[in-house]
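Before any comments, here is the structure.
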Amino acid sequence: MDSMRDYPQSMTPPEGVEPVPRRVRAVLAGRVVLDTVHALYVWEWPFYPQYYIPLSDVDPDVLVDEQHVQRVSRGVTRLHGLRVGDTERPGSARVYTDEAVEGLAGTVRFDWAAMDSWFEEDEQVFVHPRNPYTRVDALRSTRTVRVELDGVVLAESSAPVMVFETGLPTRYYLDRTAVHFEHLEPSDTITPCPYKGRTSEYWSVRVGDQLHPDLAWAYDFPTAALLPIAGLVAFYNEKVDVVLDGEPQPRPTTHFFR
């Protein structure tokens, strides 16, 4: 039991392919490249899926057949690029042929970064498709949270918003009045999240002569589901020491820091 994590892990669904119940669109250079209500989720690794799009729902004028056949784990694909006016994205789409695994023939797998923007219904999605098996809750609490680094208190609050996200440790979002900003230095870093949106601010932490880069962040304009964290500050549990109700918490290991 001592080795058990204190938060639930992501679980790979029993089937690797599932229908997407949402309308999915992607835009490149101002042009809608795909628009579908028949996308598929395909889990290429356990943490989140990728979209596979029916070829019939892709604008054929933007696809450039590169005349290159590839055999991948899910079958045989033809490599395509994208072209919209002067904008080109070579090698960014794989069209699955009849020699694909069941259900994937006639679908296209796009490189996420090849598009300027992706949308689920009318809300922009960042980084990758949202995992339908992931839940993210932001709950207000009266538990006392203290954040330290090398013995220096960075923040302390008895009114945190606790964010519970499947597969990640609990994140503690604190009012700015509870943060000791004399130890924080603004950073130019911006990171997007499929579930929370795009960060508005990042800070590094200076303790003595050592600068610890990008340990704290805030979302001034999070997604609707995460509005309780708007403007609050969180720290990477992996790199700081968190004391919860007087009990030191172990530093977790995640895919952000290994």
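Quick note on naming: the chains in the structure tokens go A, B, ... in the order shown, residues restart at 1 in each chain, and ligands are numbered from 1 in order of appearance.
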
Range 31-143 of chain A residues near range 193-200 of chain A within 9 Å, closest pair each, using only C-alpha atoms, as a Markdown table:
| residue | atom | partner | partner_atom | distance |
| --- | --- | --- | --- | --- |
| A:Gln124 | CA | A:Gly197 | CA | 8.5 |
| A:Val125 | CA | A:Pro194 | CA | 5.5 |
| A:Phe126 | CA | A:Pro194 | CA | 4.7 |
| A:Val127 | CA | A:Pro194 | CA | 5.9 |
| A:His128 | CA | A:Pro194 | CA | 6.4 |
| A:Pro129 | CA | A:Pro194 | CA | 6.9 |
| A:Arg130 | CA | A:Pro194 | CA | 5.9 |
| A:Asn131 | CA | A:Pro194 | CA | 8.9 |
| A:Val136 | CA | A:Tyr195 | CA | 7.4 |

Can you write out the residues you just picked, keeping C-alpha atoms, as a compact mmCIF listing (two decimals), in the first residue's frame?
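Written out: result_4.txt:
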# COMPACT_ATOMS: atom_id res chain seq x y z
CA GLN A 124 -11.28 25.68 -29.38
CA VAL A 125 -9.25 22.71 -28.15
CA PHE A 126 -5.52 22.88 -27.51
CA VAL A 127 -2.64 20.35 -27.61
CA HIS A 128 -4.65 17.18 -28.32
CA PRO A 129 -8.23 15.84 -28.29
CA ARG A 130 -9.87 15.76 -24.90
CA ASN A 131 -10.00 12.28 -23.45
CA VAL A 136 -11.52 17.58 -14.32

His212 in chain A surroundings by only C-alpha atoms, 10 Å radius, close-in-sequence under 4 positions cut, as a list of chain:residue names: A:Leu149, A:Leu184, A:Glu185, A:Trp203, A:Ser204, A:Val205, A:Arg206, A:Val207, A:Lys239, A:Val240

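Across the model, the gap from CA of Ala230 in chain A to CA of Arg143 in chain A is 19.2 Å.
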
All helix (DSSP H, G or I) positions in range 145-227 of chain A, as a list of chain:residue names: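 So the helix (DSSP H, G or I) residues in range 145-227 of chain A would be A:Arg176, A:Thr177, A:Ala178, A:Phe181, A:Glu182, A:His183, A:Ala224, A:Ala225, A:Leu226, A:Leu227.
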
Backbone-only DSSP, strand (DSSP E or B) members of range 135-206 of chain A, as a VMD selection string: chain A and resid 136 to 140 145 to 149 152 to 157 161 to 165 171 to 174 179 184 to 187 192 to 193 197 to 198 201 to 206

For Ala93 in chain A: contacts at 9 Å, only C-alpha atoms, fewer than 3 positions along chain excluded, given as a list in words: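 Here the qualifying residues turn out to be Leu63, Arg78, Leu79, His80, Gly81, Leu82, Arg89, Pro90, Val108, Arg109, Phe110, Asp111 and Ala114 of chain A.
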
Write out the residues from the selection above, keeping all heavy atoms, as a tab-separated table (two decimals), in the first residue's frame.
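Wrote again00.tsv, looks like this:
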chain	number	residue	atom	x	y	z
A	63	LEU	N	-5.62	18.56	-49.74
A	63	LEU	CA	-4.76	17.38	-49.61
A	63	LEU	C	-3.84	17.24	-50.82
A	63	LEU	O	-4.28	17.35	-51.97
A	63	LEU	CB	-5.61	16.11	-49.47
A	63	LEU	CG	-6.33	15.91	-48.14
A	63	LEU	CD1	-7.22	14.67	-48.21
A	63	LEU	CD2	-5.33	15.76	-46.99
A	78	ARG	N	-1.35	6.20	-47.01
A	78	ARG	CA	-0.72	7.03	-48.05
A	78	ARG	C	-0.46	8.40	-47.43
A	78	ARG	O	-1.37	9.05	-46.92
A	78	ARG	CB	-1.62	7.17	-49.27
A	78	ARG	CG	-1.80	5.86	-50.06
A	78	ARG	CD	-2.63	6.10	-51.31
A	78	ARG	NE	-1.97	6.98	-52.26
A	78	ARG	CZ	-1.11	6.54	-53.20
A	78	ARG	NH1	-0.83	5.24	-53.29
A	78	ARG	NH2	-0.57	7.39	-54.04
A	79	LEU	N	0.79	8.82	-47.51
A	79	LEU	CA	1.19	10.08	-46.90
A	79	LEU	C	0.74	11.25	-47.76
A	79	LEU	O	0.92	11.25	-48.99
A	79	LEU	CB	2.71	10.11	-46.72
A	79	LEU	CG	3.28	11.16	-45.77
A	79	LEU	CD1	2.77	10.94	-44.35
A	79	LEU	CD2	4.80	11.12	-45.79
A	80	HIS	N	0.14	12.25	-47.12
A	80	HIS	CA	-0.32	13.46	-47.80
A	80	HIS	C	0.21	14.68	-47.07
A	80	HIS	O	0.47	14.66	-45.87
A	80	HIS	CB	-1.85	13.54	-47.81
A	80	HIS	CG	-2.50	12.59	-48.77
A	80	HIS	ND1	-2.43	11.22	-48.63
A	80	HIS	CD2	-3.24	12.83	-49.89
A	80	HIS	CE1	-3.11	10.64	-49.61
A	80	HIS	NE2	-3.61	11.60	-50.39
A	81	GLY	N	0.34	15.76	-47.82
A	81	GLY	CA	0.60	17.06	-47.24
A	81	GLY	C	-0.67	17.90	-47.31
A	81	GLY	O	-1.69	17.48	-47.85
A	82	LEU	N	-0.59	19.10	-46.74
A	82	LEU	CA	-1.69	20.06	-46.80
A	82	LEU	C	-1.20	21.32	-47.50
A	82	LEU	O	-0.06	21.77	-47.27
A	82	LEU	CB	-2.18	20.41	-45.40
A	82	LEU	CG	-2.74	19.27	-44.55
A	82	LEU	CD1	-3.02	19.76	-43.13
A	82	LEU	CD2	-4.01	18.72	-45.17
A	89	ARG	N	1.97	22.22	-45.43
A	89	ARG	CA	2.32	21.36	-44.31
A	89	ARG	C	2.64	19.97	-44.86
A	89	ARG	O	1.80	19.07	-44.87
A	89	ARG	CB	1.17	21.27	-43.29
A	89	ARG	CG	0.77	22.60	-42.67
A	89	ARG	CD	1.81	23.07	-41.66
A	89	ARG	NE	1.31	24.22	-40.90
A	89	ARG	CZ	1.49	25.48	-41.24
A	89	ARG	NH1	2.19	25.76	-42.34
A	89	ARG	NH2	1.00	26.47	-40.50
A	90	PRO	N	3.85	19.77	-45.33
A	90	PRO	CA	4.19	18.47	-45.93
A	90	PRO	C	4.16	17.34	-44.92
A	90	PRO	O	4.46	17.52	-43.73
A	90	PRO	CB	5.61	18.70	-46.47
A	90	PRO	CG	6.15	19.85	-45.68
A	90	PRO	CD	4.98	20.71	-45.36
A	108	VAL	N	-8.53	9.66	-42.07
A	108	VAL	CA	-7.29	10.44	-42.15
A	108	VAL	C	-6.84	10.78	-40.74
A	108	VAL	O	-7.63	11.25	-39.91
A	108	VAL	CB	-7.47	11.74	-42.94
A	108	VAL	CG1	-6.12	12.42	-43.19
A	108	VAL	CG2	-8.19	11.48	-44.26
A	109	ARG	N	-5.57	10.59	-40.49
A	109	ARG	CA	-4.97	10.95	-39.21
A	109	ARG	C	-4.06	12.15	-39.49
A	109	ARG	O	-3.05	12.05	-40.18
A	109	ARG	CB	-4.18	9.78	-38.64
A	109	ARG	CG	-3.91	9.86	-37.14
A	109	ARG	CD	-2.80	10.79	-36.80
A	109	ARG	NE	-2.21	10.49	-35.50
A	109	ARG	CZ	-1.37	11.28	-34.87
A	109	ARG	NH1	-1.01	12.45	-35.40
A	109	ARG	NH2	-0.87	10.92	-33.70
A	110	PHE	N	-4.43	13.33	-38.94
A	110	PHE	CA	-3.66	14.56	-39.14
A	110	PHE	C	-2.70	14.80	-37.98
A	110	PHE	O	-3.03	14.50	-36.82
A	110	PHE	CB	-4.60	15.77	-39.24
A	110	PHE	CG	-5.45	15.78	-40.47
A	110	PHE	CD1	-6.73	15.25	-40.45
A	110	PHE	CD2	-4.99	16.34	-41.65
A	110	PHE	CE1	-7.53	15.26	-41.58
A	110	PHE	CE2	-5.78	16.36	-42.80
A	110	PHE	CZ	-7.06	15.82	-42.76
A	111	ASP	N	-1.54	15.36	-38.28
A	111	ASP	CA	-0.68	15.87	-37.21
A	111	ASP	C	-1.37	17.06	-36.58
A	111	ASP	O	-1.77	18.00	-37.29
A	111	ASP	CB	0.68	16.29	-37.77
A	111	ASP	CG	1.51	15.11	-38.25
A	111	ASP	OD1	1.18	13.96	-37.88
A	111	ASP	OD2	2.49	15.34	-38.98
A	114	ALA	N	-0.13	20.59	-37.35
A	114	ALA	CA	-0.21	21.06	-38.73
A	114	ALA	C	-1.34	22.06	-38.93
A	114	ALA	O	-1.32	22.85	-39.87
A	114	ALA	CB	-0.39	19.87	-39.68

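Rounded to one decimal, CA of Tyr133 in chain A and CA of Glu18 in chain A lie 11.5 Å from each other.
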